[in-house]
Every structure is written in structure tokens, then in C-alpha cells.
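Student: The file below is my_file-v9.csv, CSV, C-alpha atoms and all ligand atoms:
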chain,number,residue,atom,x,y,z
A,1,MET,CA,1.8,-11.5,15.8
A,2,LYS,CA,0.8,-12.2,12.2
A,3,GLY,CA,1.5,-8.8,10.7
A,4,THR,CA,3.8,-5.9,11.1
A,5,THR,CA,5.9,-5.7,14.2
A,6,PRO,CA,7.2,-2.2,15.0
A,7,ALA,CA,9.8,-2.2,17.7
A,8,GLY,CA,8.2,-2.0,21.1
A,9,ALA,CA,4.7,-3.0,20.0
A,10,ALA,CA,3.6,-6.1,21.9
A,11,THR,CA,0.1,-6.6,20.5
A,12,GLU,CA,-1.8,-6.0,17.2
A,13,ARG,CA,-3.5,-3.0,18.7
A,14,GLU,CA,-0.2,-1.4,19.7
A,15,ALA,CA,1.3,-2.2,16.3
A,16,ALA,CA,-1.7,-0.5,14.6
A,17,GLU,CA,-1.5,2.5,16.9
A,18,TRP,CA,2.2,2.9,16.3
A,19,VAL,CA,1.7,2.8,12.5
A,20,ARG,CA,-1.1,5.3,12.6
A,21,ASP,CA,0.9,7.7,14.8
A,22,MET,CA,3.9,7.3,12.6
A,23,PHE,CA,2.1,8.2,9.4
A,24,GLY,CA,0.4,11.1,11.2
A,25,ARG,CA,3.8,12.5,12.0
A,26,VAL,CA,5.2,12.2,8.5
A,27,ALA,CA,1.9,13.1,6.6
A,28,ARG,CA,2.9,16.7,5.9
A,29,ARG,CA,6.2,15.7,4.1
A,30,TYR,CA,5.1,12.2,3.0
A,31,ASP,CA,4.8,13.0,-0.7
A,32,LEU,CA,8.1,14.9,-0.9
A,33,ALA,CA,10.0,12.2,0.9
A,34,ASN,CA,8.4,9.5,-1.2
A,35,HIS,CA,9.3,11.0,-4.5
A,36,LEU,CA,12.8,12.0,-3.5
A,37,LEU,CA,13.7,8.7,-1.8
A,38,SER,CA,12.4,6.6,-4.6
A,39,PHE,CA,13.9,8.9,-7.3
A,40,ASN,CA,10.3,9.4,-8.5
A,41,LEU,CA,10.0,5.6,-9.2
A,42,ASP,CA,6.9,5.6,-6.9
A,43,ARG,CA,4.9,7.3,-9.7
A,44,TYR,CA,5.9,4.7,-12.2
A,45,TRP,CA,5.1,1.8,-9.8
A,46,ARG,CA,1.5,3.2,-9.4
A,47,THR,CA,1.1,3.5,-13.2
A,48,ARG,CA,2.0,-0.2,-13.4
A,49,VAL,CA,-0.9,-0.9,-11.0
A,50,VAL,CA,-3.3,1.2,-13.1
A,51,ALA,CA,-2.1,-0.7,-16.3
A,52,ARG,CA,-2.8,-4.1,-14.7
A,53,VAL,CA,-6.3,-3.2,-13.5
A,54,ARG,CA,-7.3,-1.2,-16.6
A,55,GLY,CA,-9.6,-4.0,-17.8
A,56,ILE,CA,-11.8,-4.0,-14.7
A,57,LEU,CA,-11.6,-0.3,-14.3
A,58,ARG,CA,-12.9,0.3,-17.7
A,59,ALA,CA,-16.0,-2.0,-17.2
A,60,PRO,CA,-19.2,0.0,-16.8
A,61,GLU,CA,-20.4,0.4,-13.2
A,62,THR,CA,-17.1,-0.8,-11.7
A,63,ARG,CA,-16.7,0.2,-8.1
A,64,ALA,CA,-13.1,0.5,-6.9
A,65,LEU,CA,-11.7,1.0,-3.5
A,66,ASP,CA,-8.1,2.0,-2.8
A,67,LEU,CA,-7.3,0.7,0.7
A,68,CYS,CA,-4.6,2.5,2.8
A,69,CYS,CA,-4.8,5.3,0.3
A,70,GLY,CA,-2.6,7.6,2.3
A,71,THR,CA,-2.2,11.0,0.6
A,72,GLY,CA,-4.1,9.6,-2.4
A,73,ASP,CA,-1.5,9.2,-5.2
A,74,LEU,CA,-2.8,5.8,-6.4
A,75,LEU,CA,-6.4,7.1,-6.0
A,76,LEU,CA,-5.6,10.0,-8.3
A,77,ALA,CA,-3.8,7.7,-10.8
A,78,LEU,CA,-6.8,5.4,-10.9
A,79,GLU,CA,-9.2,8.2,-11.4
A,80,ALA,CA,-7.0,9.6,-14.2
A,81,GLY,CA,-7.1,6.2,-15.8
A,82,PRO,CA,-10.0,4.7,-17.7
A,83,GLY,CA,-12.5,4.2,-14.9
A,84,GLY,CA,-13.4,7.5,-13.2
A,85,ALA,CA,-14.0,8.1,-9.5
A,86,VAL,CA,-12.9,5.6,-6.9
A,87,TRP,CA,-13.2,5.4,-3.2
A,88,GLY,CA,-10.2,5.6,-0.9
A,89,SER,CA,-9.9,4.7,2.8
A,90,ASP,CA,-7.2,5.0,5.4
A,91,PHE,CA,-7.1,5.0,9.2
A,92,CYS,CA,-4.7,8.0,9.5
A,93,HIS,CA,-6.6,11.3,9.5
A,94,PRO,CA,-3.7,13.6,8.5
A,95,MET,CA,-2.9,11.4,5.5
A,96,LEU,CA,-6.6,11.5,4.4
A,97,THR,CA,-6.8,15.2,4.8
A,98,ALA,CA,-3.9,15.5,2.4
A,99,ALA,CA,-5.6,13.1,0.0
A,100,ALA,CA,-8.9,15.1,0.1
A,101,ARG,CA,-7.0,18.4,-0.5
A,102,LYS,CA,-5.3,16.9,-3.6
A,103,ILE,CA,-8.5,15.4,-5.0
A,104,SER,CA,-10.3,18.8,-4.7
A,105,ARG,CA,-7.3,20.7,-6.1
A,106,ARG,CA,-7.4,18.5,-9.2
A,107,GLY,CA,-11.1,18.8,-9.5
A,108,PHE,CA,-11.5,15.0,-9.2
A,109,ARG,CA,-14.6,13.2,-8.0
A,110,SER,CA,-13.0,10.4,-5.9
A,111,ARG,CA,-14.0,10.3,-2.2
A,112,VAL,CA,-12.1,9.2,0.9
A,113,PHE,CA,-13.3,7.9,4.2
A,114,GLU,CA,-11.6,7.0,7.5
A,115,ALA,CA,-11.5,3.3,8.2
A,116,ASP,CA,-9.3,0.5,9.4
A,117,ALA,CA,-8.5,-1.9,6.6
A,118,LEU,CA,-8.9,-4.8,9.2
A,119,ASP,CA,-12.4,-3.8,10.1
A,120,ASN,CA,-13.9,-2.0,7.1
A,121,PRO,CA,-17.4,-0.4,7.5
A,122,VAL,CA,-18.3,-1.6,4.0
A,123,ARG,CA,-21.0,-4.1,2.9
A,124,ASP,CA,-20.0,-7.6,1.8
A,125,ALA,CA,-19.5,-8.0,-1.9
A,126,SER,CA,-19.7,-4.2,-2.6
A,127,PHE,CA,-16.6,-3.6,-4.8
A,128,ASP,CA,-15.2,-5.0,-8.0
A,129,LEU,CA,-11.6,-3.8,-7.5
A,130,ILE,CA,-9.5,-3.3,-4.4
A,131,THR,CA,-6.0,-1.8,-4.7
A,132,VAL,CA,-3.5,-1.3,-1.9
A,133,ALA,CA,-0.1,0.4,-2.5
A,134,PHE,CA,2.5,0.2,0.3
A,135,GLY,CA,-0.1,-0.3,2.9
A,136,PHE,CA,-0.6,-4.0,3.2
A,137,ARG,CA,2.9,-4.5,4.8
A,138,ASN,CA,1.8,-2.2,7.6
A,139,LEU,CA,-1.3,-4.2,8.6
A,140,ALA,CA,-1.1,-5.7,12.1
A,141,ASN,CA,-2.6,-9.0,10.8
A,142,TYR,CA,-2.1,-9.9,7.1
A,143,ARG,CA,-4.6,-12.8,7.1
A,144,LYS,CA,-7.3,-10.5,8.6
A,145,GLY,CA,-6.5,-7.9,5.9
A,146,LEU,CA,-6.9,-10.5,3.1
A,147,ASP,CA,-10.1,-11.9,4.6
A,148,GLU,CA,-11.5,-8.3,4.7
A,149,MET,CA,-10.6,-7.7,1.1
A,150,ARG,CA,-12.2,-11.0,0.1
A,151,ARG,CA,-15.4,-10.2,2.0
A,152,VAL,CA,-15.7,-6.7,0.4
A,153,LEU,CA,-15.1,-7.9,-3.2
A,154,ARG,CA,-17.9,-9.1,-5.4
A,155,PRO,CA,-17.5,-12.5,-7.1
A,156,GLY,CA,-15.1,-12.0,-10.0
A,157,GLY,CA,-13.5,-9.0,-8.3
A,158,LEU,CA,-9.8,-8.3,-8.4
A,159,VAL,CA,-7.3,-7.3,-5.7
A,160,ALA,CA,-4.0,-5.7,-6.5
A,161,ILE,CA,-1.4,-5.4,-3.8
A,162,LEU,CA,1.7,-3.3,-4.5
A,163,GLU,CA,4.4,-3.7,-1.9
A,164,PHE,CA,8.1,-3.4,-1.3
A,165,SER,CA,10.1,-6.6,-1.5
A,166,GLN,CA,13.7,-7.9,-1.4
A,167,PRO,CA,15.5,-8.0,-4.8
A,168,PRO,CA,16.3,-11.6,-5.7
A,169,ASN,CA,19.7,-10.7,-7.3
A,170,PRO,CA,22.3,-10.9,-4.5
A,171,LEU,CA,24.5,-8.1,-5.8
A,172,PHE,CA,21.6,-5.7,-6.3
A,173,ALA,CA,20.2,-6.7,-2.9
A,174,VAL,CA,23.5,-5.7,-1.2
A,175,LEU,CA,23.3,-2.2,-2.9
A,176,TYR,CA,19.6,-1.9,-2.2
A,177,ASN,CA,20.0,-2.9,1.4
A,178,PHE,CA,22.8,-0.4,1.9
A,179,TYR,CA,20.6,2.3,0.5
A,180,SER,CA,17.5,1.3,2.4
A,181,ARG,CA,19.1,0.6,5.8
A,182,ARG,CA,21.8,3.2,5.9
A,183,LEU,CA,21.0,6.2,3.6
A,184,LEU,CA,17.2,6.1,3.6
A,185,PRO,CA,16.6,6.5,7.4
A,186,ALA,CA,19.1,9.4,7.5
A,187,ILE,CA,17.7,11.2,4.4
A,188,GLY,CA,14.0,10.3,5.2
A,189,GLY,CA,14.5,11.4,8.8
A,190,ALA,CA,16.0,14.7,7.8
A,191,LEU,CA,13.2,15.3,5.2
A,192,SER,CA,10.3,14.3,7.5
A,193,GLY,CA,11.7,15.0,10.9
A,194,SER,CA,10.9,11.4,11.9
A,195,ARG,CA,13.9,9.2,11.6
A,196,ASP,CA,12.2,6.2,13.2
A,197,ALA,CA,9.6,6.2,10.4
A,198,TYR,CA,12.3,5.7,7.8
A,199,ALA,CA,14.2,3.1,10.0
A,200,TYR,CA,10.9,1.2,10.3
A,201,LEU,CA,10.5,1.1,6.5
A,202,PRO,CA,13.5,-1.2,5.6
A,203,GLU,CA,12.9,-3.2,8.8
A,204,SER,CA,9.3,-3.9,7.9
A,205,VAL,CA,10.3,-4.8,4.4
A,206,ARG,CA,12.9,-7.3,5.7
A,207,LYS,CA,10.3,-9.0,7.9
A,208,PHE,CA,7.5,-9.0,5.2
A,209,PRO,CA,6.7,-12.3,3.5
A,210,SER,CA,8.5,-13.1,0.3
A,211,PRO,CA,6.4,-12.8,-3.0
A,212,ASP,CA,5.9,-16.6,-3.0
A,213,GLU,CA,4.8,-16.6,0.7
A,214,LEU,CA,2.4,-13.7,0.1
A,215,ALA,CA,1.0,-15.5,-3.0
A,216,SER,CA,0.4,-18.6,-0.9
A,217,GLN,CA,-1.3,-16.6,1.9
A,218,MET,CA,-3.6,-15.1,-0.7
A,219,GLN,CA,-4.5,-18.6,-2.0
A,220,GLN,CA,-5.1,-19.8,1.5
A,221,ALA,CA,-7.4,-16.8,2.1
A,222,GLY,CA,-9.4,-18.0,-0.9
A,223,PHE,CA,-8.1,-15.9,-3.8
A,224,ARG,CA,-7.7,-17.6,-7.1
A,225,SER,CA,-5.6,-17.0,-10.2
A,226,VAL,CA,-3.0,-15.5,-7.9
A,227,MET,CA,0.1,-14.1,-9.7
A,228,TYR,CA,2.8,-11.6,-9.0
A,229,GLU,CA,5.3,-9.6,-11.0
A,230,ARG,CA,8.5,-8.1,-9.6
A,231,ILE,CA,9.1,-4.5,-10.7
A,232,THR,CA,12.4,-2.5,-10.7
A,233,GLY,CA,14.6,-5.5,-10.0
A,234,GLY,CA,12.3,-6.8,-7.3
A,235,ILE,CA,12.4,-3.7,-5.1
A,236,VAL,CA,8.6,-3.8,-5.4
A,237,CYS,CA,6.2,-6.6,-6.2
A,238,LEU,CA,2.6,-6.5,-7.5
A,239,HIS,CA,0.3,-9.3,-6.5
A,240,LEU,CA,-3.0,-9.9,-8.3
A,241,GLY,CA,-5.8,-12.2,-7.2
A,242,ARG,CA,-9.4,-12.9,-8.1
A,243,VAL,CA,-12.4,-13.8,-5.9
A,301,LIG,C1,3.1,3.9,3.0
A,301,LIG,S1,1.6,4.6,3.1
A,301,LIG,C2,1.0,4.3,1.5
A,301,LIG,C3,0.0,5.4,1.1
A,301,LIG,C4,-0.4,5.3,-0.4
A,301,LIG,N1,-1.2,4.1,-0.7
A,301,LIG,C5,0.7,5.4,-1.3
A,301,LIG,O1,0.8,4.6,-2.3
A,301,LIG,O2,1.5,6.4,-1.2
A,301,LIG,C6,0.7,3.4,4.1
A,301,LIG,C7,-0.7,3.9,4.5
A,301,LIG,O3,-1.4,2.8,5.1
A,301,LIG,C8,-2.2,3.3,6.1
A,301,LIG,N2,-2.6,2.1,6.9
A,301,LIG,C9,-1.7,1.3,7.6
A,301,LIG,N3,-2.4,0.4,8.3
A,301,LIG,C10,-3.7,0.6,8.1
A,301,LIG,C11,-5.0,0.1,8.5
A,301,LIG,N4,-5.0,-1.0,9.3
A,301,LIG,N5,-6.1,0.6,8.0
A,301,LIG,C12,-6.1,1.7,7.2
A,301,LIG,N6,-5.0,2.3,6.8
A,301,LIG,C13,-3.8,1.8,7.2
A,301,LIG,C14,-1.4,4.3,6.8
A,301,LIG,O4,-2.1,5.2,7.5
A,301,LIG,C15,-0.7,5.0,5.6
A,301,LIG,O5,-1.4,6.1,5.1
Re-express the file's structure as C-alpha cells.

Tutor:
Amino acid sequence: MKGTTPAGAATEREAAEWVRDMFGRVARRYDLANHLLSFNLDRYWRTRVVARVRGILRAPETRALDLCCGTGDLLLALEAGPGGAVWGSDFCHPMLTAAARKISRRGFRSRVFEADALDNPVRDASFDLITVAFGFRNLANYRKGLDEMRRVLRPGGLVAILEFSQPPNPLFAVLYNFYSRRLLPAIGGALSGSRDAYAYLPESVRKFPSPDELASQMQQAGFRSVMYERITGGIVCLHLGRV
């Protein structure tokens, strides 16, 4: 398998179903768990994405799509930025329902639709910007995910992938791994009622390609000007690439 490999999933279809069910189970408490477990850093990480894509967001007529938008926090941060309304998609209905509720509560204009990021019902070359925050790692096939993004982007379009990563500093990595493998499943499990979801998280990060490997996969998929920046000591990494 060339993407995420949750325990017990033997095929890409089973992996995708496992991921969708898991997010369906945690959707109600997802935001609370996210903010608490990340000490609110998740908000800061999303603002970094907005800052990096500000140029293209600001351009008139830009069409932006936030893939794997979940409960919509990046979507809201993007709309609050310079560009205005964006589209969001996700394949987990309860996550999208939460996103739609937040958009309407804030009086925003962004729209969400239910779709698999590996088989997007969107025309070729129809968006200028694609963002994906903490969703790419969960795809059952990373190359297929990159190919879909490339297909959907217009020439000159930009992709921004924000994902968890392994900190390069060995001492920080020991501390971080203790937190993510020991404390996070227990606290996340208690908050969300789904311990396996928060045991899956550090396991999927451990198996996820390194920043260099992901950059090289992006280049192989045809993205150019690929670059990445580590954020918060490398706990997360933001990859950018152009079509
Ligand atoms: C960790 S959440 C991130 C949500 C949001 N982007 C954020 O920053 O909080 C990952 C999301 O990816 C979605 N996802 C995973 N695989 C997907 C796929 N193949 N197609 C669409 N959505 C997917 C899940 O349903 C979930 O809502």
C-alpha cells in the first residue's frame, strides 16, 4: 500500500473506510481535542499556511479548494484572510456537517461538499490554490492524491500541504515521541471517547514520508518549485509546490 496503513486494513479501500469511520466517531469532539492536545498551536499552524498562500489568495478571481477540510478551521482562516470564500471538501459527513455549521455561524460564504480527495468530482484545471491540513497523511494512496491535486490545479496553481512530521532534533524528538505516543492517546481517547483514533495519529506520523521524501514525491508527480518549511521544531511541516 502506498498511503496510510491503519492496523487491520489490508487494502486501500479498507484503509479509507477505517479513516472515514474514525473521523466520524471523533467529529463531535474533534475541535476541542485538537486545540487542547496541540496547546492551541494548531491555530498558529493554520495561520502560517494562510500567510504563505496570501499572494495567490489575494489575486482577483482566485478559486481555492481546501481538501480534507474536516470541521473547516483552515477554510475559515482562509476566508478570513485576503481572498474571500473558498471551497472545502471532505469524505466524512459528520466532519463536513460541523464545518457547515461553523461557516454559517460566522456568516461566512465558503461552501463545502462531500468528496474523496482521491477521486474528486471537480473539473480539470479548475482551481488556483489547493490547501490540505493534516489530511494528506490519511490518504490511502499518496501518489494518487498528488495526481488529483495536479489535475485539479490550473497552470501556475499552488498546492500547500501542512502535515505532522518527526522533529529532527533527537532530544526534542524523544520528548515529542513520549508525548505523542504515551500521553496523547490517553488524553485524546478520554476527550473523544475513541482511544484508537489518537493511537493511530502518532503511528501514522511515524510511517509518513520524511519532508525530503514528500518533496521528492511531489516533484515526481510533476510539481515544480517544491519547497518545505519545518514549523514548531519540525512537529509540523508545510510543503508548497507549483503546477
Ligand atoms: C485530521 S483531519 C484534518 C481536518 C482539517 N483539515 C483540520 O486542519 O483540522 C483529516 C480529515 O481528512 C479527511 N480525509 C481523509 N482522507 C480523505 C479522503 N480520501 N478524501 C477526503 N477527505 C479525507 C478526514 O475525513 C478528516 O476530516

Student: Within 9 Å of ligand LIG 301 (chain A), counting all atoms listed in the file: which residues, as a PyMOL selection string?

Tutor: chain A and resi 16-17+19-24+27+30-31+34+42-43+46+66-75+89-96+114-120+131-141+145+162+201

Student: Counting all atoms listed in the file, find the residues whose atoms lie at most 9 Å from (15.0, -6.0, -11.9) (file coordinates) and write them out as a list in words.

Tutor: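 Answer for this query, in the requested form: Pro167, Pro168, Asn169, Phe172, Arg230, Ile231, Thr232, Gly233, Gly234 and Ile235 of chain A.
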
Student: Work out how far CA of Ser38 (chain A) is from CA of Val53 (chain A), in Å to one decimal.

Tutor: 22.9 Å

Student: Could you tell me how far CA of Ala197 (chain A) sits from CA of Asn177 (chain A), in Å to one decimal place?

Tutor: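 CA of Ala197 (chain A) lies 16.5 Å from CA of Asn177 (chain A).
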
Student: Taking all atoms listed in the file into account, name the residue in A:Pro60, A:Pro185, A:Gly8, A:Gly193 that is nearest to Pro82 (chain A).

Tutor: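 Comparing A:Pro60, A:Pro185, A:Gly8, A:Gly193 against Pro82 (chain A), the winner is A:Pro60.
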
Student: What gap, in Å, lies between CA of Leu76 (chain A) and CA of Leu57 (chain A)?

Tutor: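 That distance, rounded to one decimal, is 13.3 Å.
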
Student: Kindly indicate which residue among A:Ala64, A:Ala77, A:Ala7, A:Ile187 lies nearest to Ala125 (chain A), using only C-alpha atoms for the distances.

Tutor: A:Ala64

Student: Using all atoms listed in the file, which of the listed residues (A:Ala80, A:Ile103, A:Arg151, A:Arg63) sits closest to Pro121 (chain A)?

Tutor: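 Residue with the minimum atom-to-atom distance to Pro121 (chain A): A:Arg151.
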
Student: My list of candidates is A:Arg143, A:Lys102, A:Ala190, A:Phe178. Which is closest to Lys2 (chain A) when distances are computed with all atoms listed in the file?

Tutor: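 Closest candidate: A:Arg143.
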
Student: Find the residue from A:Gly84, A:Gly55, A:Gly157, A:Gly241 that sits nearest to Tyr228 (chain A); use all atoms listed in the file when measuring.

Tutor: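 With all atoms listed in the file as the atom set, the closest residue is A:Gly241.
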
Student: Nearest residue to Gly83 (chain A) out of A:Glu12, A:Glu61, A:Asp196, A:Asp212, using only C-alpha atoms?

Tutor: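 Between A:Glu12, A:Glu61, A:Asp196, A:Asp212, the residue approaching Gly83 (chain A) most closely is A:Glu61.
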
Student: What would region 63-74 of chain A look like with all heavy atoms restored, written as an mmCIF file, in the frame of the given file?

Tutor:
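And here's part-v1.cif as it stands now:
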data_model
loop_
_atom_site.group_PDB
_atom_site.id
_atom_site.type_symbol
_atom_site.label_atom_id
_atom_site.label_comp_id
_atom_site.auth_asym_id
_atom_site.auth_seq_id
_atom_site.Cartn_x
_atom_site.Cartn_y
_atom_site.Cartn_z
ATOM 1 N N ARG A 63 -16.977 -0.585 -9.302
ATOM 2 C CA ARG A 63 -16.700 0.200 -8.100
ATOM 3 C C ARG A 63 -15.354 -0.231 -7.538
ATOM 4 O O ARG A 63 -15.085 -1.420 -7.337
ATOM 5 C CB ARG A 63 -17.795 -0.150 -7.018
ATOM 6 C CG ARG A 63 -19.071 0.681 -7.229
ATOM 7 C CD ARG A 63 -20.208 0.156 -6.380
ATOM 8 N NE ARG A 63 -19.871 0.066 -4.976
ATOM 9 C CZ ARG A 63 -20.046 1.050 -4.081
ATOM 10 N NH1 ARG A 63 -20.552 2.200 -4.466
ATOM 11 N NH2 ARG A 63 -19.743 0.879 -2.804
ATOM 12 N N ALA A 64 -14.491 0.765 -7.353
ATOM 13 C CA ALA A 64 -13.100 0.500 -6.900
ATOM 14 C C ALA A 64 -12.822 1.147 -5.603
ATOM 15 O O ALA A 64 -13.289 2.254 -5.328
ATOM 16 C CB ALA A 64 -12.148 0.984 -8.002
ATOM 17 N N LEU A 65 -12.043 0.451 -4.777
ATOM 18 C CA LEU A 65 -11.700 1.000 -3.500
ATOM 19 C C LEU A 65 -10.141 0.862 -3.326
ATOM 20 O O LEU A 65 -9.567 -0.224 -3.505
ATOM 21 C CB LEU A 65 -12.338 0.120 -2.367
ATOM 22 C CG LEU A 65 -11.900 0.368 -0.924
ATOM 23 C CD1 LEU A 65 -12.259 1.787 -0.475
ATOM 24 C CD2 LEU A 65 -12.556 -0.645 0.027
ATOM 25 N N ASP A 66 -9.503 1.995 -3.033
ATOM 26 C CA ASP A 66 -8.100 2.000 -2.800
ATOM 27 C C ASP A 66 -7.873 2.002 -1.257
ATOM 28 O O ASP A 66 -8.095 3.020 -0.608
ATOM 29 C CB ASP A 66 -7.411 3.217 -3.421
ATOM 30 C CG ASP A 66 -5.898 3.205 -3.245
ATOM 31 O OD1 ASP A 66 -5.302 2.103 -3.279
ATOM 32 O OD2 ASP A 66 -5.316 4.289 -3.053
ATOM 33 N N LEU A 67 -7.468 0.855 -0.717
ATOM 34 C CA LEU A 67 -7.300 0.700 0.700
ATOM 35 C C LEU A 67 -5.944 1.383 1.125
ATOM 36 O O LEU A 67 -5.000 1.393 0.329
ATOM 37 C CB LEU A 67 -7.201 -0.733 1.134
ATOM 38 C CG LEU A 67 -8.487 -1.535 1.234
ATOM 39 C CD1 LEU A 67 -8.146 -2.964 1.642
ATOM 40 C CD2 LEU A 67 -9.460 -0.919 2.228
ATOM 41 N N CYS A 68 -5.846 1.844 2.356
ATOM 42 C CA CYS A 68 -4.600 2.500 2.800
ATOM 43 C C CYS A 68 -4.133 3.507 1.840
ATOM 44 O O CYS A 68 -2.967 3.530 1.441
ATOM 45 C CB CYS A 68 -3.517 1.401 3.050
ATOM 46 S SG CYS A 68 -3.979 0.062 4.151
ATOM 47 N N CYS A 69 -5.075 4.363 1.436
ATOM 48 C CA CYS A 69 -4.800 5.300 0.300
ATOM 49 C C CYS A 69 -3.843 6.382 0.649
ATOM 50 O O CYS A 69 -3.324 7.050 -0.247
ATOM 51 C CB CYS A 69 -6.124 5.864 -0.214
ATOM 52 S SG CYS A 69 -6.884 7.017 0.954
ATOM 53 N N GLY A 70 -3.585 6.607 1.943
ATOM 54 C CA GLY A 70 -2.600 7.600 2.300
ATOM 55 C C GLY A 70 -2.975 8.990 1.748
ATOM 56 O O GLY A 70 -4.123 9.439 1.809
ATOM 57 N N THR A 71 -1.995 9.632 1.129
ATOM 58 C CA THR A 71 -2.200 11.000 0.600
ATOM 59 C C THR A 71 -2.848 10.923 -0.816
ATOM 60 O O THR A 71 -2.947 11.943 -1.494
ATOM 61 C CB THR A 71 -0.888 11.756 0.506
ATOM 62 O OG1 THR A 71 0.009 11.008 -0.320
ATOM 63 C CG2 THR A 71 -0.259 11.941 1.877
ATOM 64 N N GLY A 72 -3.220 9.720 -1.265
ATOM 65 C CA GLY A 72 -4.100 9.600 -2.400
ATOM 66 C C GLY A 72 -3.457 9.480 -3.797
ATOM 67 O O GLY A 72 -4.153 9.579 -4.808
ATOM 68 N N ASP A 73 -2.159 9.210 -3.853
ATOM 69 C CA ASP A 73 -1.500 9.200 -5.200
ATOM 70 C C ASP A 73 -2.036 8.069 -6.085
ATOM 71 O O ASP A 73 -2.210 8.277 -7.287
ATOM 72 C CB ASP A 73 -0.002 9.134 -5.066
ATOM 73 C CG ASP A 73 0.592 10.515 -4.820
ATOM 74 O OD1 ASP A 73 -0.180 11.493 -4.793
ATOM 75 O OD2 ASP A 73 1.819 10.612 -4.652
ATOM 76 N N LEU A 74 -2.284 6.896 -5.527
ATOM 77 C CA LEU A 74 -2.800 5.800 -6.400
ATOM 78 C C LEU A 74 -4.269 6.113 -6.766
ATOM 79 O O LEU A 74 -4.683 5.892 -7.914
ATOM 80 C CB LEU A 74 -2.693 4.458 -5.689
ATOM 81 C CG LEU A 74 -3.207 3.272 -6.512
ATOM 82 C CD1 LEU A 74 -2.517 3.185 -7.878
ATOM 83 C CD2 LEU A 74 -3.032 1.956 -5.761
#
